[in-house]
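All remarks here apply to the structure that follows.
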Amino acid sequence: MKNPTDLHGTDFGKARAPVARRFGVLIPALLLVSLAPSAVSHDARLQTVDPGLTAHEWGTFTSVADIDGTAVDWLPLAGPKDLPIFVEHFRTAGFKGGVSATVRMETPVLYFYSTHDTDLSVHVSISKGLITEWYPHASRVTPNAPEQAVFSQMSEEGGSIAWDSVTAVPGSSVDFPRESRDSRYYAARETASVPLSVKTSAGEQHEKFLFYRGVANFPVPLSARVVPPNRVLVQNLGQQSIPGLVLFERRGEKIGYREINRLDNSALADLPELSGSLESLRSDIEAILISQGLFADEARAMVQTWDDSWFEEGSRLFYIVPKPFVDSVLPLSIAPVPAETVRVFVGRIELVTPATEKAIADAISSGDRGTLKKYDRFLQPILDIMIQKETDPVHEEQLEKTLEAVLSSEITRERR
């Protein structure tokens with residue numbers, strides 16, 4: 001271990017990188033006009049750089065830290081039905097919820113900005129994973145294999161998604177689909193990016209971005225281990241510096257957070273005091289995202305999208321995933337090549353702290369189902385970690401019975 005630093009809070013917001021200027025003053029438009037491949041191949045068009053085209057993307061990699069701090073393989077017991085019905089799914093709407101993996105890739109959205117009409121195509125691959133949801137309709141999603149072969153292809157080749165015939169048309173105006181019920185999905189539309197349109201056999205689809213999600217088993221670039229009494233040892237497992245981290249905790253209506261400017265090797269950080277405010281936290285995270293290259297409205301849209309999930313009960317570490325790592329596990333190709341491509345991914349690692357263990361243990365003893373629901377889809381890995389650490393056979397058996405009951409209870413079923 002290389003010289004861990006004891007960090008008691010730093011001002012991450014004092015030095016911010018400049019934000020790239022937008023193209024022009026008009027809101028440009030992007031139209032996906034055909035499912036058929038364009039006359040010029042995607043690979044051939046990758047040789048051409050379009051100086052009037054910009055692409056911006058944000059997304060989240062969600063993991064759970066095991067006892068040793070590495071990302072554990074886990075299965076979400078539940079999850080909010082947070083996607084509109086028009087979003088398409090790999091196999092079935094419930095498929096992703098039944099896949100155990102180390103990473104849930106949540107809501108990458110890809111925005112485009114252009115100064116002129118431009119035909120382009122987009123292709124994304126995921127290492128050791130699958131693309132599980134997307135919109136608009138895609139030209140291709142792989143693997144296209146029988147059910148029994150999907151998981152072997154996931155672990156060996158990974159999956160991919162492609163939108164072949166995309167047209168950017170500045171100044172267009174279209175309507176986007178919307179259901180009457182609320183969804184976190186819609187917040188991502190609140191930007192000045194180009195509207196999108198794609199022709200399908202059922203008619204045209206319109207959206208403000210290309211949206212996709214997935215699940216994967218690639219290793220995340222850092223570990224976060226809870227150490228006595230109330231500290232977290234964070235270690236950079238990759239080759240690139242991690243440009244910003246936020247250690248967060250929420251207990252009831254009280255929240256706290258601690259910022260770490262940069263992680264080259266390792267750091268030892270105290271869990272934060274619960275004296276912060278959500279308003280200042282949102283502002284600070286937006287500033288971090290802007291410093292990494294997102295436009296202000298994109299950063300705000302990302303925070304608003306995940307506000308109720310990022311800042312829910314429990315303890316977690318947020319970190320900016322180094323772009324070279326993102327490019328290695330989630331290769332993106334756009335043809336022609338944009339003059340600038342910004343990709344900002346936030347890693348989220350759930351931490352099983354003594355406070356979380358006590359809250360779960362007390363809820364089990366008292367039959368407090370409401371508290372258990374606060375931990376929602378993370379109950380399975382939390383209980384597994386508690387079982388690993390338990391030395392009392394009676395308590396261990398109680399935890400195992402609780403896990404078995406939760407796996408088959410309405411806590412899971414009612415939210416799928």
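Going by the structure tokens order, chains are called A, B, ..., each with residues numbered from 1, while ligands are numbered from 1 in the order shown.
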Could you build a table of the residues in segment 190-280 of chain A lying no more than 12 Å from segment 355-362 of chain A, giving for each the nearest pair of atoms and their separation in Å rounded to one decimal place, using only C-alpha atoms, ordered by chain and ascending residue number, as a tab-separated table?
residue	atom	partner	partner_atom	distance
A:Val226	CA	A:Ala355	CA	11.2
A:Pro228	CA	A:Ala355	CA	11.8
A:Pro229	CA	A:Ala355	CA	10.8
A:Asn230	CA	A:Ala355	CA	9.1
A:Arg231	CA	A:Ala355	CA	11.9
A:Glu249	CA	A:Ala355	CA	9.8
A:Arg250	CA	A:Thr356	CA	10.0
A:Arg251	CA	A:Ala355	CA	8.7
A:Gly252	CA	A:Ala359	CA	10.9
A:Leu271	CA	A:Ala355	CA	10.7
Can I get the residues of segment 198-271 of chain A within 8 Å of segment 63-75 of chain A, each with the closest pair of atoms and their distance in Å to one decimal, using only C-alpha atoms, sorted chain first then ascending number, as JSON lines?
{"residue": "A:Asn217", "atom": "CA", "partner": "A:Asp73", "partner_atom": "CA", "distance": 7.9}
{"residue": "A:Pro219", "atom": "CA", "partner": "A:Ala71", "partner_atom": "CA", "distance": 7.1}
{"residue": "A:Val220", "atom": "CA", "partner": "A:Ala71", "partner_atom": "CA", "distance": 6.8}
{"residue": "A:Leu222", "atom": "CA", "partner": "A:Thr70", "partner_atom": "CA", "distance": 7.5}
{"residue": "A:Ser223", "atom": "CA", "partner": "A:Gly69", "partner_atom": "CA", "distance": 4.8}
{"residue": "A:Ala224", "atom": "CA", "partner": "A:Gly69", "partner_atom": "CA", "distance": 4.4}
{"residue": "A:Arg225", "atom": "CA", "partner": "A:Gly69", "partner_atom": "CA", "distance": 3.9}
{"residue": "A:Val226", "atom": "CA", "partner": "A:Gly69", "partner_atom": "CA", "distance": 7.3}
*What's the 8 Å shell around segment 185-191 of chain A, counting only C-alpha atoms, without same-chain residues fewer than 2 positions away, as a list in words?*
Asp82, Leu83, Pro84, Val109, Ser183, Ser193, Lys208, Phe209, Asp297, Glu298, Ala301, Met302, Gln304 and Thr305 of chain A
Could you write out that same residue set with C-alpha atoms as an mmCIF file, in the first residue's frame?
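Dumped to selection_25.cif:
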data_model
loop_
_atom_site.group_PDB
_atom_site.id
_atom_site.type_symbol
_atom_site.label_atom_id
_atom_site.label_comp_id
_atom_site.auth_asym_id
_atom_site.auth_seq_id
_atom_site.Cartn_x
_atom_site.Cartn_y
_atom_site.Cartn_z
ATOM 1 C CA ASP A 82 -38.060 3.966 -13.354
ATOM 2 C CA LEU A 83 -38.162 3.569 -17.136
ATOM 3 C CA PRO A 84 -41.050 4.557 -19.417
ATOM 4 C CA VAL A 109 -27.058 9.235 -22.316
ATOM 5 C CA SER A 183 -39.865 8.862 -14.298
ATOM 6 C CA SER A 193 -28.675 19.126 -27.150
ATOM 7 C CA LYS A 208 -33.165 14.223 -27.079
ATOM 8 C CA PHE A 209 -30.334 11.703 -26.748
ATOM 9 C CA ASP A 297 -27.311 21.905 -18.112
ATOM 10 C CA GLU A 298 -25.956 18.380 -18.684
ATOM 11 C CA ALA A 301 -29.677 16.903 -15.703
ATOM 12 C CA MET A 302 -27.431 14.098 -14.445
ATOM 13 C CA GLN A 304 -31.573 15.532 -11.160
ATOM 14 C CA THR A 305 -31.842 12.134 -12.830
#
Give me, as a Markdown table, the closest atom pair and its distance (Å, one decimal) for every residue of segment 43-137 of chain A within a cut-off of 9 Å of segment 276-294 of chain A, counting only C-alpha atoms, rows sorted by chain and rising number.
| residue | atom | partner | partner_atom | distance |
| --- | --- | --- | --- | --- |
| A:His56 | CA | A:Leu294 | CA | 7.0 |
| A:Glu57 | CA | A:Leu294 | CA | 8.1 |
| A:Trp58 | CA | A:Leu294 | CA | 8.1 |
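Restricting the calculation to only C-alpha atoms, the smallest distance between Lys96 of chain A and any of A:Val394, A:Ile260, A:Leu120, A:Leu130 is found for A:Leu130.
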*asked:* Just checking: using only C-alpha atoms, which residue out of A:Val344, A:Leu379, A:Leu372, A:Arg181 ends up closest to Pro324 of chain A?
replied: A:Val344
*Long-range neighbours of Gln239 of chain A as a list in words, 10 Å cut-off, only C-alpha atoms, 2 positions minimum in chain*: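 Here the answer would be Pro221, Asn236, Leu237, Ser241, Ile242, Asp264, Asn265, Pro322, Pro324 and Phe325 of chain A.
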